[in-house]
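Everything below belongs to final_0.tsv, which stores TSV, C-alpha atoms.
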chain	number	residue	atom	x	y	z
A	1	MET	CA	-103.29	-20.21	-74.88
A	2	ALA	CA	-104.68	-20.46	-71.34
A	3	LYS	CA	-104.81	-17.27	-69.27
A	4	TYR	CA	-105.42	-19.11	-66.00
A	5	PRO	CA	-103.45	-21.75	-64.04
A	6	VAL	CA	-105.95	-24.61	-64.27
A	7	VAL	CA	-107.47	-26.15	-67.39
A	8	VAL	CA	-110.65	-28.21	-67.20
A	9	TYR	CA	-110.86	-30.26	-70.40
A	10	GLY	CA	-114.30	-31.70	-71.07
A	11	ALA	CA	-115.88	-28.58	-69.63
A	12	SER	CA	-119.38	-29.22	-70.99
A	13	GLY	CA	-119.54	-32.67	-69.38
A	14	TYR	CA	-121.05	-33.68	-66.05
A	15	THR	CA	-117.79	-34.23	-64.16
A	16	GLY	CA	-115.98	-31.28	-65.72
A	17	MET	CA	-118.67	-28.95	-64.43
A	18	LEU	CA	-118.41	-30.42	-60.94
A	19	ILE	CA	-114.66	-29.75	-60.98
A	20	MET	CA	-115.47	-26.16	-61.89
A	21	ASP	CA	-117.89	-25.98	-58.93
A	22	TRP	CA	-115.04	-26.81	-56.58
A	23	LEU	CA	-112.55	-24.50	-58.30
A	24	ILE	CA	-115.00	-21.65	-57.82
A	25	ASP	CA	-115.48	-22.69	-54.19
A	26	GLN	CA	-111.71	-22.42	-53.69
A	27	ASN	CA	-111.50	-19.14	-55.66
A	28	ILE	CA	-109.22	-20.65	-58.32
A	29	ALA	CA	-109.39	-19.16	-61.81
A	30	PHE	CA	-109.69	-21.66	-64.65
A	31	THR	CA	-109.79	-22.14	-68.39
A	32	ALA	CA	-112.69	-24.28	-69.63
A	33	VAL	CA	-111.62	-26.20	-72.74
A	34	ALA	CA	-114.07	-28.10	-74.92
A	35	ARG	CA	-114.85	-28.98	-78.51
A	36	ASP	CA	-117.96	-26.76	-78.65
A	37	ALA	CA	-117.70	-23.37	-76.91
A	38	GLY	CA	-121.38	-22.56	-77.43
A	39	ARG	CA	-122.63	-25.75	-75.82
A	40	THR	CA	-120.09	-25.33	-73.01
A	41	ARG	CA	-121.30	-21.79	-72.27
A	42	GLU	CA	-124.92	-23.00	-72.24
A	43	MET	CA	-124.24	-26.01	-70.00
A	44	MET	CA	-122.12	-24.03	-67.55
A	45	ALA	CA	-124.89	-21.43	-67.21
A	46	GLN	CA	-127.35	-24.21	-66.39
A	47	ARG	CA	-125.31	-26.37	-64.03
A	48	VAL	CA	-122.19	-24.73	-62.58
A	49	VAL	CA	-122.82	-23.36	-59.09
A	50	ARG	CA	-121.80	-19.74	-58.34
A	51	LEU	CA	-120.64	-19.20	-61.92
A	52	GLU	CA	-121.36	-15.49	-61.59
A	53	SER	CA	-118.49	-15.18	-59.08
A	54	ALA	CA	-115.96	-17.18	-61.13
A	55	THR	CA	-112.89	-15.98	-63.01
A	56	TYR	CA	-112.70	-18.09	-66.16
A	57	GLU	CA	-112.48	-18.25	-69.92
A	58	ILE	CA	-113.71	-20.74	-72.53
A	59	ILE	CA	-111.51	-22.06	-75.34
A	60	GLU	CA	-112.82	-24.19	-78.22
A	61	VAL	CA	-110.43	-26.85	-79.55
A	62	ASP	CA	-110.14	-29.83	-81.81
A	63	HIS	CA	-109.10	-33.07	-80.12
A	64	THR	CA	-105.59	-33.15	-81.54
A	65	VAL	CA	-102.22	-32.95	-79.83
A	66	GLU	CA	-101.43	-29.69	-81.63
A	67	SER	CA	-104.72	-27.94	-80.82
A	68	LEU	CA	-104.74	-29.08	-77.19
A	69	THR	CA	-101.09	-28.17	-76.67
A	70	GLN	CA	-101.80	-24.62	-77.80
A	71	ALA	CA	-104.86	-24.39	-75.53
A	72	PHE	CA	-103.01	-25.75	-72.49
A	73	LYS	CA	-99.92	-23.53	-72.77
A	74	GLY	CA	-99.77	-20.99	-69.97
A	75	ALA	CA	-101.57	-23.24	-67.46
A	76	LYS	CA	-99.94	-25.29	-64.70
A	77	VAL	CA	-102.45	-28.14	-64.31
A	78	VAL	CA	-104.75	-29.97	-66.73
A	79	CYS	CA	-107.81	-31.74	-65.30
A	80	ASN	CA	-109.02	-34.10	-68.02
A	81	THR	CA	-112.50	-35.64	-68.01
A	82	VAL	CA	-112.79	-36.60	-71.69
A	83	GLY	CA	-113.38	-40.31	-72.12
A	84	PRO	CA	-113.43	-43.11	-72.93
A	85	PHE	CA	-109.81	-42.56	-72.01
A	86	ALA	CA	-108.63	-45.60	-73.95
A	87	LYS	CA	-109.79	-43.75	-77.10
A	88	PHE	CA	-109.08	-40.11	-76.27
A	89	GLY	CA	-106.82	-39.96	-73.24
A	90	LEU	CA	-103.28	-40.39	-74.58
A	91	THR	CA	-103.73	-37.43	-76.93
A	92	THR	CA	-104.53	-35.23	-73.95
A	93	VAL	CA	-101.65	-36.60	-71.87
A	94	GLU	CA	-99.18	-35.84	-74.65
A	95	ALA	CA	-100.56	-32.33	-75.08
A	96	ALA	CA	-100.27	-31.64	-71.34
A	97	LEU	CA	-96.63	-32.75	-71.41
A	98	ASN	CA	-95.90	-30.63	-74.47
A	99	ALA	CA	-97.48	-27.62	-72.76
A	100	GLY	CA	-95.46	-28.13	-69.55
A	101	CYS	CA	-98.50	-28.95	-67.40
A	102	HIS	CA	-99.16	-31.41	-64.61
A	103	TYR	CA	-101.86	-33.88	-65.62
A	104	LEU	CA	-104.81	-35.23	-63.59
A	105	ASP	CA	-107.82	-37.19	-64.82
A	106	THR	CA	-110.89	-39.10	-63.67
A	107	THR	CA	-110.44	-42.40	-65.51
A	108	GLY	CA	-111.24	-45.80	-64.11
A	109	GLU	CA	-109.84	-47.66	-67.15
A	110	GLN	CA	-106.97	-49.89	-66.07
A	111	SER	CA	-105.54	-50.41	-69.55
A	112	PHE	CA	-105.27	-46.65	-70.06
A	113	VAL	CA	-103.55	-46.19	-66.68
A	114	ARG	CA	-100.98	-48.83	-67.68
A	115	ASN	CA	-100.38	-47.12	-71.01
A	116	VAL	CA	-99.89	-43.75	-69.32
A	117	ARG	CA	-97.34	-45.27	-66.95
A	118	ASP	CA	-95.44	-47.10	-69.66
A	119	GLN	CA	-95.49	-44.38	-72.33
A	120	PHE	CA	-95.37	-41.17	-70.30
A	121	GLY	CA	-94.25	-41.83	-66.72
A	122	GLU	CA	-90.55	-41.31	-67.32
A	123	ARG	CA	-91.10	-38.40	-69.70
A	124	PHE	CA	-93.16	-36.51	-67.14
A	125	ALA	CA	-90.57	-37.27	-64.44
A	126	GLN	CA	-87.77	-35.86	-66.63
A	127	ALA	CA	-89.86	-32.70	-67.10
A	128	GLY	CA	-90.47	-32.39	-63.34
A	129	LEU	CA	-94.20	-32.88	-63.87
A	130	LEU	CA	-96.81	-35.17	-62.32
A	131	VAL	CA	-99.03	-37.45	-64.40
A	132	SER	CA	-101.74	-38.90	-62.15
A	133	PRO	CA	-104.65	-40.66	-63.84
A	134	SER	CA	-107.65	-41.95	-61.86
A	135	LEU	CA	-107.97	-39.18	-59.25
A	136	ALA	CA	-111.71	-39.71	-58.73
A	137	TYR	CA	-114.10	-41.27	-56.24
A	138	MET	CA	-113.55	-44.49	-58.16
A	139	ASN	CA	-110.77	-45.61	-57.48
A	140	THR	CA	-109.28	-43.08	-55.04
A	141	PHE	CA	-111.56	-43.87	-52.09
A	142	SER	CA	-110.57	-47.54	-52.39
A	143	GLU	CA	-106.92	-46.53	-52.60
A	144	ILE	CA	-107.28	-44.35	-49.49
A	145	ALA	CA	-108.76	-47.35	-47.67
A	146	ALA	CA	-105.85	-49.50	-48.89
A	147	GLU	CA	-103.29	-46.93	-47.70
A	148	LEU	CA	-104.98	-46.78	-44.29
A	149	ALA	CA	-104.69	-50.58	-44.08
A	150	LEU	CA	-101.03	-50.41	-45.10
A	151	GLU	CA	-100.30	-48.12	-42.15
A	152	HIS	CA	-100.56	-51.30	-40.06
A	153	PRO	CA	-97.09	-52.98	-39.95
A	154	GLY	CA	-96.72	-56.20	-41.91
A	155	ILE	CA	-99.70	-55.82	-44.25
A	156	ASP	CA	-98.76	-56.93	-47.77
A	157	ALA	CA	-101.94	-58.39	-49.31
A	158	LEU	CA	-104.95	-56.24	-50.21
A	159	GLU	CA	-108.52	-56.94	-51.25
A	160	THR	CA	-110.65	-53.89	-52.00
A	161	SER	CA	-114.27	-53.24	-52.93
A	162	ALA	CA	-116.14	-50.08	-53.93
A	163	LEU	CA	-119.85	-50.48	-53.24
A	164	CYS	CA	-122.28	-47.76	-54.32
A	165	ARG	CA	-125.95	-47.19	-53.59
A	166	GLY	CA	-127.75	-44.66	-55.79
A	167	GLN	CA	-130.54	-44.12	-58.27
A	168	ARG	CA	-132.44	-47.07	-59.65
A	169	GLY	CA	-133.73	-47.52	-63.18
A	170	ILE	CA	-132.35	-46.40	-66.53
A	171	GLY	CA	-128.85	-45.02	-66.20
A	172	ALA	CA	-128.78	-45.58	-62.43
A	173	GLY	CA	-127.33	-42.08	-61.98
A	174	VAL	CA	-124.24	-42.93	-64.05
A	175	THR	CA	-123.06	-40.31	-66.56
A	176	VAL	CA	-122.93	-40.85	-70.30
A	177	GLY	CA	-119.13	-40.62	-70.19
A	178	SER	CA	-118.85	-43.16	-67.40
A	179	THR	CA	-121.12	-45.58	-69.24
A	180	ALA	CA	-119.00	-45.25	-72.37
A	181	SER	CA	-115.87	-45.99	-70.33
A	182	ILE	CA	-117.53	-48.99	-68.65
A	183	PHE	CA	-118.42	-50.59	-71.97
A	184	GLU	CA	-115.08	-49.60	-73.54
A	185	MET	CA	-113.42	-51.80	-70.92
A	186	TYR	CA	-114.94	-54.85	-72.61
A	187	ARG	CA	-112.13	-54.56	-75.17
A	188	ALA	CA	-109.34	-54.64	-72.57
A	189	GLU	CA	-107.65	-57.20	-70.35
A	190	HIS	CA	-108.62	-56.85	-66.67
A	191	CYS	CA	-105.79	-57.62	-64.23
A	192	TYR	CA	-105.19	-58.11	-60.53
A	193	LEU	CA	-101.86	-58.19	-58.74
A	194	TRP	CA	-100.71	-61.55	-57.43
A	195	ASP	CA	-97.28	-62.17	-55.92
A	196	LYS	CA	-96.04	-58.93	-57.52
A	197	LYS	CA	-97.20	-59.88	-61.01
A	198	LEU	CA	-100.24	-58.70	-62.97
A	199	VAL	CA	-102.56	-61.60	-63.76
A	200	ALA	CA	-105.61	-61.44	-66.03
A	201	HIS	CA	-109.02	-62.06	-64.51
A	202	PRO	CA	-111.11	-64.72	-66.24
A	203	VAL	CA	-113.51	-63.01	-68.66
A	204	ASP	CA	-116.49	-64.22	-66.59
A	205	ALA	CA	-115.04	-63.15	-63.22
A	206	SER	CA	-117.44	-61.79	-60.60
A	207	PHE	CA	-117.65	-61.41	-56.83
A	208	LEU	CA	-120.42	-61.67	-54.25
A	209	ILE	CA	-119.55	-59.24	-51.45
A	210	PRO	CA	-121.26	-59.91	-48.09
A	211	SER	CA	-120.85	-56.35	-46.78
A	212	PRO	CA	-122.12	-55.71	-43.25
A	213	HIS	CA	-123.40	-52.34	-44.51
A	214	PHE	CA	-126.03	-53.77	-46.88
A	215	MET	CA	-128.88	-56.18	-46.26
A	216	GLN	CA	-128.10	-58.30	-49.32
A	217	ALA	CA	-124.79	-59.49	-50.67
A	218	VAL	CA	-123.63	-57.19	-53.47
A	219	PHE	CA	-122.85	-58.61	-56.90
A	220	ALA	CA	-119.55	-57.02	-57.97
A	221	LEU	CA	-117.25	-57.11	-60.99
A	222	PRO	CA	-113.52	-56.51	-61.60
A	223	TRP	CA	-114.57	-53.28	-63.39
A	224	GLY	CA	-111.60	-53.38	-65.69
A	225	GLY	CA	-109.36	-54.40	-62.81
A	226	THR	CA	-109.34	-50.82	-61.40
A	227	SER	CA	-106.21	-48.67	-61.18
A	228	LEU	CA	-105.09	-50.09	-57.80
A	229	PRO	CA	-103.13	-53.13	-59.07
A	230	ILE	CA	-101.20	-50.79	-61.39
A	231	TYR	CA	-100.38	-48.29	-58.67
A	232	PHE	CA	-99.33	-51.03	-56.25
A	233	GLU	CA	-97.44	-53.18	-58.77
A	234	ASN	CA	-94.12	-51.52	-58.00
A	235	ASP	CA	-94.87	-50.72	-54.35
A	236	SER	CA	-92.42	-52.61	-52.13
A	237	ARG	CA	-95.06	-52.97	-49.39
A	238	VAL	CA	-97.59	-54.88	-51.49
A	239	ARG	CA	-97.46	-58.42	-52.88
A	240	SER	CA	-101.08	-58.76	-54.01
A	241	CYS	CA	-104.07	-56.57	-54.72
A	242	VAL	CA	-107.49	-57.73	-55.94
A	243	SER	CA	-110.14	-55.05	-56.47
A	244	CYS	CA	-113.80	-54.99	-57.46
A	245	VAL	CA	-116.76	-52.62	-57.86
A	246	GLY	CA	-120.44	-53.19	-57.14
A	247	PHE	CA	-123.60	-51.11	-57.29
A	248	TYR	CA	-126.28	-51.94	-54.76
A	249	ASP	CA	-128.57	-52.75	-57.65
A	250	ASN	CA	-127.68	-56.33	-58.39
A	251	ASP	CA	-129.90	-56.42	-61.48
A	252	ALA	CA	-127.95	-53.54	-63.06
A	253	MET	CA	-124.61	-55.19	-62.29
A	254	LYS	CA	-125.78	-58.52	-63.67
A	255	MET	CA	-126.90	-56.72	-66.84
A	256	VAL	CA	-123.38	-55.28	-67.25
A	257	HIS	CA	-121.95	-58.77	-66.65
A	258	SER	CA	-124.28	-60.38	-69.20
A	259	LEU	CA	-123.39	-57.75	-71.80
A	260	ASN	CA	-119.73	-58.62	-71.24
A	261	GLN	CA	-120.51	-62.27	-71.96
A	262	LYS	CA	-122.42	-61.22	-75.07
A	263	TRP	CA	-119.41	-59.14	-76.13
A	264	GLU	CA	-117.10	-62.15	-75.78
A	265	ALA	CA	-119.46	-64.39	-77.73
A	266	GLU	CA	-120.62	-62.06	-80.52
A	267	TYR	CA	-118.60	-58.86	-80.81
A	268	LYS	CA	-115.03	-59.52	-79.69
A	269	HIS	CA	-113.76	-60.49	-83.12
A	270	LEU	CA	-115.55	-57.77	-85.10
A	271	PRO	CA	-113.50	-55.03	-86.81
A	272	PRO	CA	-112.89	-51.98	-84.57
A	273	GLU	CA	-115.35	-49.81	-86.54
A	274	ALA	CA	-118.13	-52.36	-86.02
A	275	GLN	CA	-117.25	-52.63	-82.33
A	276	ASP	CA	-117.46	-48.84	-82.07
A	277	GLU	CA	-121.03	-48.95	-83.36
A	278	VAL	CA	-121.98	-51.74	-80.94
A	279	LEU	CA	-120.59	-49.78	-77.97
A	280	LYS	CA	-122.31	-46.58	-79.12
A	281	ASN	CA	-125.66	-48.39	-79.22
A	282	MET	CA	-125.06	-49.89	-75.76
A	283	VAL	CA	-124.39	-46.46	-74.28
A	284	GLN	CA	-127.47	-44.90	-75.92
A	285	ALA	CA	-129.69	-47.74	-74.73
A	286	THR	CA	-128.54	-47.65	-71.10
A	287	THR	CA	-127.70	-43.96	-70.50
A	288	PRO	CA	-129.71	-41.78	-72.89
A	289	ALA	CA	-129.02	-38.42	-71.19
A	290	MET	CA	-126.96	-36.59	-68.57
A	291	PRO	CA	-128.27	-37.45	-65.08
A	292	PRO	CA	-129.35	-34.83	-62.54
A	293	ARG	CA	-126.98	-33.66	-59.82
A	294	GLU	CA	-126.51	-36.29	-57.11
A	295	ARG	CA	-128.55	-36.20	-53.91
A	296	THR	CA	-127.08	-37.17	-50.56
A	297	THR	CA	-130.46	-38.73	-49.71
A	298	LEU	CA	-129.87	-41.31	-52.46
A	299	MET	CA	-126.14	-41.65	-53.12
A	300	ARG	CA	-124.09	-43.57	-50.52
A	301	THR	CA	-120.79	-45.39	-50.92
A	302	VAL	CA	-118.54	-47.61	-48.84
A	303	ASP	CA	-115.03	-48.53	-49.99
A	304	THR	CA	-113.35	-51.33	-48.07
A	305	ALA	CA	-109.79	-52.58	-47.99
A	306	ILE	CA	-109.01	-55.80	-46.15
A	307	GLY	CA	-105.28	-56.01	-45.54
A	308	ARG	CA	-103.51	-59.19	-44.51
A	309	GLY	CA	-100.00	-59.88	-43.33
A	310	GLN	CA	-98.60	-63.25	-42.29
A	311	LEU	CA	-100.45	-63.10	-38.96
A	312	SER	CA	-102.04	-59.65	-38.90
A	313	ALA	CA	-105.20	-58.34	-40.50
A	314	VAL	CA	-106.94	-54.99	-40.72
A	315	ARG	CA	-110.16	-53.66	-42.27
A	316	ALA	CA	-110.24	-50.05	-43.45
A	317	GLU	CA	-113.48	-48.49	-44.65
A	318	VAL	CA	-114.17	-45.13	-46.24
A	319	PHE	CA	-117.82	-44.12	-46.19
A	320	GLY	CA	-118.97	-41.48	-48.66
A	321	THR	CA	-121.76	-39.70	-50.45
A	322	THR	CA	-122.21	-38.26	-53.95
A	323	ALA	CA	-119.42	-39.99	-55.86
A	324	TYR	CA	-119.24	-37.50	-58.73
A	325	ILE	CA	-119.29	-34.47	-56.43
A	326	ALA	CA	-116.50	-36.13	-54.43
A	327	THR	CA	-114.58	-36.60	-57.68
A	328	GLY	CA	-114.70	-32.86	-58.29
A	329	ALA	CA	-113.42	-32.26	-54.76
A	330	LEU	CA	-110.55	-34.75	-55.17
A	331	GLN	CA	-109.45	-33.13	-58.41
A	332	VAL	CA	-109.36	-29.69	-56.80
A	333	ALA	CA	-107.56	-31.05	-53.72
A	334	GLY	CA	-104.84	-32.20	-56.11
A	335	VAL	CA	-104.86	-28.89	-57.97
A	336	ILE	CA	-104.26	-26.98	-54.73
A	337	LYS	CA	-101.18	-29.05	-53.92
A	338	LEU	CA	-99.81	-28.68	-57.45
A	339	LEU	CA	-100.33	-24.92	-57.61
A	340	ASN	CA	-98.47	-24.59	-54.31
A	341	GLY	CA	-95.64	-26.91	-55.40
A	342	GLU	CA	-96.47	-29.35	-52.58
A	343	ASN	CA	-96.76	-32.58	-54.56
A	344	ALA	CA	-94.57	-35.35	-53.15
A	345	LYS	CA	-94.01	-37.06	-56.52
A	346	VAL	CA	-93.32	-36.28	-60.16
A	347	GLY	CA	-93.72	-38.69	-63.05
A	348	PHE	CA	-96.39	-41.38	-62.79
A	349	ALA	CA	-98.00	-41.53	-59.33
A	350	SER	CA	-101.43	-42.04	-57.80
A	351	GLY	CA	-103.23	-39.23	-56.03
A	352	SER	CA	-102.57	-40.83	-52.66
A	353	LYS	CA	-98.84	-41.08	-53.32
A	354	ALA	CA	-98.53	-37.65	-54.91
A	355	PHE	CA	-100.61	-35.69	-52.39
A	356	GLY	CA	-100.96	-38.01	-49.38
A	357	HIS	CA	-103.93	-40.23	-48.63
A	358	ARG	CA	-104.49	-38.52	-45.30
A	359	TYR	CA	-104.61	-35.13	-47.04
A	360	LEU	CA	-107.18	-36.31	-49.62
A	361	LEU	CA	-109.26	-37.99	-46.93
A	362	GLY	CA	-109.14	-34.89	-44.74
A	363	PHE	CA	-110.13	-32.63	-47.64
A	364	CYS	CA	-113.23	-34.77	-48.21
A	365	GLU	CA	-113.99	-35.19	-44.50
A	366	GLU	CA	-114.02	-31.45	-43.90
A	367	ARG	CA	-116.60	-31.05	-46.67
A	368	GLY	CA	-118.92	-33.82	-45.51
A	369	LEU	CA	-117.99	-36.17	-48.33
A	370	ALA	CA	-116.20	-38.98	-46.49
A	371	ARG	CA	-115.32	-40.54	-43.15
A	372	ALA	CA	-113.00	-43.45	-42.40
A	373	VAL	CA	-112.99	-46.32	-39.90
A	374	VAL	CA	-110.05	-48.70	-39.37
A	375	THR	CA	-110.45	-51.93	-37.41
A	376	THR	CA	-107.76	-54.44	-36.44
A	377	LEU	CA	-109.05	-57.97	-37.06
Take the structure in the file and write it out as structure tokens.
Amino acid sequence: MAKYPVVVYGASGYTGMLIMDWLIDQNIAFTAVARDAGRTREMMAQRVVRLESATYEIIEVDHTVESLTQAFKGAKVVCNTVGPFAKFGLTTVEAALNAGCHYLDTTGEQSFVRNVRDQFGERFAQAGLLVSPSLAYMNTFSEIAAELALEHPGIDALETSALCRGQRGIGAGVTVGSTASIFEMYRAEHCYLWDKKLVAHPVDASFLIPSPHFMQAVFALPWGGTSLPIYFENDSRVRSCVSCVGFYDNDAMKMVHSLNQKWEAEYKHLPPEAQDEVLKNMVQATTPAMPPRERTTLMRTVDTAIGRGQLSAVRAEVFGTTAYIATGALQVAGVIKLLNGENAKVGFASGSKAFGHRYLLGFCEERGLARAVVTTL
């Protein structure tokens, strides 16, 4: 049973430790939950900033609904970083509900977000609790940009892109967990929103984004479709939403794209156990170890939303640094609202709708993690 109001599940992982950094910064006590308490204690000692000033405990659990429910009881908010979420996430969502906790996570997996909405949205609402997957740099900065565009009257069609510049070479600064989630998305349908209906992208879909902020056009992918079409599907303001993600390393993005084609040709029809082994080998080959902490001298991002109405148009851009560090900040921004009972929504809702896109943007701006520009076209 948790002694403190916030649970960080996946506490020995890269993103979980960054969430703990920000909880310590805000003087919020937390319970670190993981499957190996010894490894968690060792990793936290190595990588969590200001750990000596933190109030926390560590609980070791099995990844079952029963074990997690018992660990979460007593807390108010669960921050889940354990992925791939399509494999592990619903167990954690159910445990959070059973324990009477609000639920936040860092997923970018569209199929999982849809399943959370369909299976748990109403149940969380009836319990007076929030379930908000995908509160992370990707896709929250793009959603903030979209919400800024929607402030302009008449906008009802959105196109968004998340473009990231970071490390080059093996892993490209992406965590092991993120890589596993990226490849896990090969198994799922990737959708965009068109005329208020979800439509599947072609399996070979890609984009070439001529951003004014990069010398070369950026090769981008649907990236599972992102969470935005799901969050805007039932939004009365929005008729269409097409989203993509690109790293300013076109060779890396083309490698991900080619592996997707290989998956469709060779692995799609294999039994699930054989697919699991293929995905495991892909992750080990591309991201062999946890990356170092991000550097602002390397990591830059720009998320753009182009909004169109019948005759109006607007471009909203959110510039950022250190995507994973920003993810930790966004999670804790949500935690603060939830602990104070200031969330605007219960049930299934995005971070922007539950906490306010201007609040999340301001939280990041004040900490040097983001700035926004909106231009009428």
Neighbour residues at most 10 Å from (-118.1, -38.1, -64.9) (only C-alpha atoms) as number ranges by chain: A: 10, 13-19, 81-83, 106-107, 136, 174-179, 181, 290, 323-325, 327-328
Distance in Å - CA of Ala354 in chain A versus CA of Thr160 in chain A: 20.5 Å
Residues within 9 Å of Leu259 in chain A, all atoms listed in the file, excluding chain neighbours under 6 positions, as a list in words: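 Final neighbour list, sorted by chain and number: Phe183, Tyr186 and Met282 of chain A.
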Please put the answer as AutoDock Vina command-line options: centre and edge lengths, in Å with one decimal, of a box along x, y and z that encloses all listed atoms of range 61-65 of chain A plus 4 Å on each side.
--center_x -106.3 --center_y -30.0 --center_z -80.7 --size_x 16.2 --size_y 14.3 --size_z 10.3
Find the spatial neighbours of Phe72 in chain A, counting all atoms listed in the file, within a cut-off of 10 Å - ignore same-chain residues fewer than 3 positions away - and output them as a compact mmCIF listing (two decimals) with C-alpha atoms, keeping the file's coordinate frame.
# COMPACT_ATOMS: atom_id res chain seq x y z
CA MET A 1 -103.29 -20.21 -74.88
CA ALA A 2 -104.68 -20.46 -71.34
CA LYS A 3 -104.81 -17.27 -69.27
CA TYR A 4 -105.42 -19.11 -66.00
CA PRO A 5 -103.45 -21.75 -64.04
CA VAL A 6 -105.95 -24.61 -64.27
CA VAL A 7 -107.47 -26.15 -67.39
CA VAL A 8 -110.65 -28.21 -67.20
CA TYR A 9 -110.86 -30.26 -70.40
CA THR A 31 -109.79 -22.14 -68.39
CA VAL A 33 -111.62 -26.20 -72.74
CA ILE A 59 -111.51 -22.06 -75.34
CA SER A 67 -104.72 -27.94 -80.82
CA LEU A 68 -104.74 -29.08 -77.19
CA THR A 69 -101.09 -28.17 -76.67
CA ALA A 75 -101.57 -23.24 -67.46
CA LYS A 76 -99.94 -25.29 -64.70
CA VAL A 77 -102.45 -28.14 -64.31
CA VAL A 78 -104.75 -29.97 -66.73
CA THR A 92 -104.53 -35.23 -73.95
CA ALA A 95 -100.56 -32.33 -75.08
CA ALA A 96 -100.27 -31.64 -71.34
CA LEU A 97 -96.63 -32.75 -71.41
CA ASN A 98 -95.90 -30.63 -74.47
CA ALA A 99 -97.48 -27.62 -72.76
CA GLY A 100 -95.46 -28.13 -69.55
CA CYS A 101 -98.50 -28.95 -67.40
Residue among A:Asn260, A:Ser12, A:Thr55, A:Ser350 lying closest to Phe30 in chain A, counting all atoms listed in the file: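 The closest residue to Phe30 in chain A is A:Thr55.
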Ala313 in chain A environment, 7 Å, all atoms listed in the file, sequence neighbours closer than 5 positions dropped, as number ranges by chain: A: 307-308, 376-377
Now that the selection is made, can you save its residues with C-alpha atoms as an mmCIF file, in the coordinates of the input?
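The resulting file, result_1.cif, is shown below:
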data_model
loop_
_atom_site.group_PDB
_atom_site.id
_atom_site.type_symbol
_atom_site.label_atom_id
_atom_site.label_comp_id
_atom_site.auth_asym_id
_atom_site.auth_seq_id
_atom_site.Cartn_x
_atom_site.Cartn_y
_atom_site.Cartn_z
ATOM 1 C CA GLY A 307 -105.280 -56.010 -45.540
ATOM 2 C CA ARG A 308 -103.510 -59.190 -44.510
ATOM 3 C CA THR A 376 -107.760 -54.440 -36.440
ATOM 4 C CA LEU A 377 -109.050 -57.970 -37.060
#
Protein and nucleic acid residues near (-114.9, -34.4, -47.0) (cut-off 12 Å, all atoms listed in the file) as a PyMOL selection string: chain A and resi 137+141+318-323+325-330+333+358-372
Export of the given selection (C-alpha atoms) as a PDB file, in the frame of the given file:
ATOM      1  CA  TYR A 137    -114.100 -41.270 -56.240  1.00  0.00           C
ATOM      2  CA  PHE A 141    -111.560 -43.870 -52.090  1.00  0.00           C
ATOM      3  CA  VAL A 318    -114.170 -45.130 -46.240  1.00  0.00           C
ATOM      4  CA  PHE A 319    -117.820 -44.120 -46.190  1.00  0.00           C
ATOM      5  CA  GLY A 320    -118.970 -41.480 -48.660  1.00  0.00           C
ATOM      6  CA  THR A 321    -121.760 -39.700 -50.450  1.00  0.00           C
ATOM      7  CA  THR A 322    -122.210 -38.260 -53.950  1.00  0.00           C
ATOM      8  CA  ALA A 323    -119.420 -39.990 -55.860  1.00  0.00           C
ATOM      9  CA  ILE A 325    -119.290 -34.470 -56.430  1.00  0.00           C
ATOM     10  CA  ALA A 326    -116.500 -36.130 -54.430  1.00  0.00           C
ATOM     11  CA  THR A 327    -114.580 -36.600 -57.680  1.00  0.00           C
ATOM     12  CA  GLY A 328    -114.700 -32.860 -58.290  1.00  0.00           C
ATOM     13  CA  ALA A 329    -113.420 -32.260 -54.760  1.00  0.00           C
ATOM     14  CA  LEU A 330    -110.550 -34.750 -55.170  1.00  0.00           C
ATOM     15  CA  ALA A 333    -107.560 -31.050 -53.720  1.00  0.00           C
ATOM     16  CA  ARG A 358    -104.490 -38.520 -45.300  1.00  0.00           C
ATOM     17  CA  TYR A 359    -104.610 -35.130 -47.040  1.00  0.00           C
ATOM     18  CA  LEU A 360    -107.180 -36.310 -49.620  1.00  0.00           C
ATOM     19  CA  LEU A 361    -109.260 -37.990 -46.930  1.00  0.00           C
ATOM     20  CA  GLY A 362    -109.140 -34.890 -44.740  1.00  0.00           C
ATOM     21  CA  PHE A 363    -110.130 -32.630 -47.640  1.00  0.00           C
ATOM     22  CA  CYS A 364    -113.230 -34.770 -48.210  1.00  0.00           C
ATOM     23  CA  GLU A 365    -113.990 -35.190 -44.500  1.00  0.00           C
ATOM     24  CA  GLU A 366    -114.020 -31.450 -43.900  1.00  0.00           C
ATOM     25  CA  ARG A 367    -116.600 -31.050 -46.670  1.00  0.00           C
ATOM     26  CA  GLY A 368    -118.920 -33.820 -45.510  1.00  0.00           C
ATOM     27  CA  LEU A 369    -117.990 -36.170 -48.330  1.00  0.00           C
ATOM     28  CA  ALA A 370    -116.200 -38.980 -46.490  1.00  0.00           C
ATOM     29  CA  ARG A 371    -115.320 -40.540 -43.150  1.00  0.00           C
ATOM     30  CA  ALA A 372    -113.000 -43.450 -42.400  1.00  0.00           C
TER      31      ALA A 372
END
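Each of A:Pro210, A:Gly166, A:Pro229, A:Gly334 was checked against Val113 in chain A using all atoms listed in the file; the smallest atom-to-atom distance is that of A:Pro229.
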Counting all atoms listed in the file, which residues of range 289-330 of chain A sit at most 12 Å from some atom of range 240-246 of chain A, and what is each one's closest atom pair with its distance in Å to one decimal, listed by chain and rising residue number, as a Markdown table?
| residue | atom | partner | partner_atom | distance |
| --- | --- | --- | --- | --- |
| A:Thr301 | CA | A:Gly246 | CA | 10.0 |
| A:Val302 | CA | A:Gly246 | CA | 10.2 |
| A:Asp303 | CA | A:Val245 | CA | 9.0 |
| A:Thr304 | CA | A:Ser243 | CA | 9.7 |
| A:Ala305 | CA | A:Ser243 | CA | 8.8 |
| A:Ile306 | CA | A:Cys241 | CA | 9.9 |
| A:Gly307 | CA | A:Cys241 | CA | 9.3 |
| A:Arg308 | CA | A:Ser240 | CA | 9.8 |
| A:Gly309 | CA | A:Ser240 | CA | 10.8 |
